[in-house]
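Following: one structure in structure tokens, then a few remarks.
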There are 2 protein chains.
Amino acid sequence: MYRLYDFLASGNGYKCRLLLHHLDLPFERVEVDLLRGESRTEALGRLNPEQRIPVLELEDGTALPESNAILCFLAEGTPWWPAGRLARAQVLRWLFWEQYSHEPNVATVRHWVLHGSTDEERTRLLPRKREQGVRALTVMERHLAGRAWFVGEGPTVADLALYAYTHVAPEGAFDLGPFPAVRAWLARVAALPGHVTIDHAAGRA
Amino acid sequence: MYRLYDFLASGNGYKCRLLLHHLDLPFERVEVDLLRGESRTEALGRLNPEQRIPVLELEDGTALPESNAILCFLAEGTPWWPAGRLARAQVLRWLFWEQYSHEPNVATVRHWVLHGSTDEERTRLLPRKREQGVRALTVMERHLAGRAWFVGEGPTVADLALYAYTHVAPEGAFDLGPFPAVRAWLARVAALPGHVTIDHAAGRA
């Protein structure tokens, strides 16, 4: 059985949970409370030199860090990973874009807003991060205009990866009002059979 | 024939050039001078909403942005992309790590040092970025201790992606002295048949 080192509030963890539920794969969740500094443990360090969740541990003890690599691994051979080479490349394009242009802005702003900080550096960086987050949402809005899913005619791991932090962007005081195509797409992802919410804490037996 | 929208000084562009040469694939380079603001053109905007290079344009006009997605696309079916599902996931793990934890620090510091700026925000951010860059090099050093390549027994696109900005880290005043395993690995990558340097401007006919 898979073991997922996870933190319930983490969108990166949620991506993996969500796909595991969609695929109906049994897994055990190990909660690592990042806010209490629990990720900096020796055990997690052995699994991931970055000491970050999520990490997927396989039956044989192999550790796979990086949320989007976990998604690709689990999705192979399922409809969440397209059959065509170019479609797979476009899924990867959105996964890399999510980690480089979306997560460091949309997720980071949410984290700072939720777990507020009087940290001077964060206060200085926040407006720029927020501007970049709005820019990322704008890129999504333009791409989704006239499209139901990020790549091809059905949902892929690109949609799950981008759903994770986009649907909680309002917790970071991002206004999704100006992004109707993004809001319609969020509703489509949430309506998929097998969907679970970010606070769904149970693994699958 | 492939067309690569590229910028010679860019490590992200170099990754793609390097693999195209290794695979002996003909391609045309279109130089976009980022430093002169040329990336903000309407033409590039049509290919990539981020208006960033590299973008790979296929014969039929399809545009594929994101350097690491381009690597995966080109590498499929070649020895640069492992045959095993878990090995592929580990390659992806390093590719995502490169974009999230390495490039924003090692590459950004190099860019700021090379094209110096009196920009106040950059001056403030530089020490933290440099610290994170050294942290990334440390993760690589530990992983490469006792290993020749990042994943498995031979070179993969994970090695090319990480080579691109690591080998020019000294241009960002990073000292590779304390990282002997990284230096030995850089020499191994540079010694591969088909290798070209970052300033190798020619496409392949």
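For the structure tokens, the naming scheme is as follows: chains receive sequential letters (A, B, ...) according to their order of presentation, residues are indexed from 1 within each chain, and ligands are indexed from 1 in presentation order.
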For chain B against chain A, which residues fall within 10 Å using only C-alpha atoms, given as JSON, numbers by chain? {"B": [48, 49, 50, 62, 63, 64, 65, 66, 67, 68, 69, 70, 71, 72, 73, 74, 76, 85, 86, 87, 88, 89, 90, 91, 92, 93, 94, 95, 96, 97, 98, 99, 100, 101, 103, 104, 121, 124, 125, 135, 136, 138, 139, 140, 142, 143]}
Shell around stretch 11-13 of chain A at 12 Å using only C-alpha atoms, local window under 2 positions removed, as number ranges by chain: A: 4-9, 15-20, 29-34, 52-56, 65-71, 95, 98-99, 102-104, 106-108, 110-111, 160-169, 197-201
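If you look at atom CA of B:Gly45 and atom CA of A:Gln132, they are 17.0 Å away from each other.
When atom CA of A:Glu141 is paired with atom CA of B:Arg46, their separation reads 15.2 Å.
The nearest approach to A:Pro79 among the residues A:Leu47, A:Val109, A:Val157, A:Ala202, with only C-alpha atoms taken into account, belongs to A:Val157.
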Residue list (alpha helix (DSSP H), DSSP) for stretch 47-178 of chain A, as a PyMOL selection string: chain A and resi 47+67-75+85-97+108-114+120-144+157-166
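Across the model, the gap from atom CA of B:Gly116 to atom CA of B:His195 is 29.6 Å.
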Write out as a compact mmCIF listing (two decimals) with C-alpha atoms, in the first residue's frame all residues of stretch 1-184 of chain B that DSSP puts in strand (DSSP E or B) for this structure's backbone.
```txt
# COMPACT_ATOMS: atom_id res chain seq x y z
CA TYR B 2 11.80 22.01 -35.35
CA ARG B 3 12.14 25.72 -34.65
CA LEU B 4 13.53 26.73 -31.24
CA TYR B 5 12.83 30.23 -29.93
CA ASP B 6 15.91 30.69 -27.85
CA PHE B 27 16.42 22.49 -35.88
CA GLU B 28 16.41 26.18 -36.59
CA ARG B 29 17.26 28.61 -33.81
CA VAL B 30 15.42 31.92 -33.54
CA GLU B 31 17.38 34.19 -31.23
CA VAL B 55 9.49 27.60 -27.04
CA LEU B 56 9.68 24.64 -29.40
CA GLU B 57 7.60 25.12 -32.54
CA ALA B 63 4.00 25.61 -29.77
CA LEU B 64 5.46 23.85 -26.74
CA PRO B 65 6.78 26.18 -23.98
```
Taking only C-alpha atoms into account, name the residue in B:Asn105, B:Gly77, B:Pro155, B:Ala145 that is nearest to B:Phe179. B:Ala145
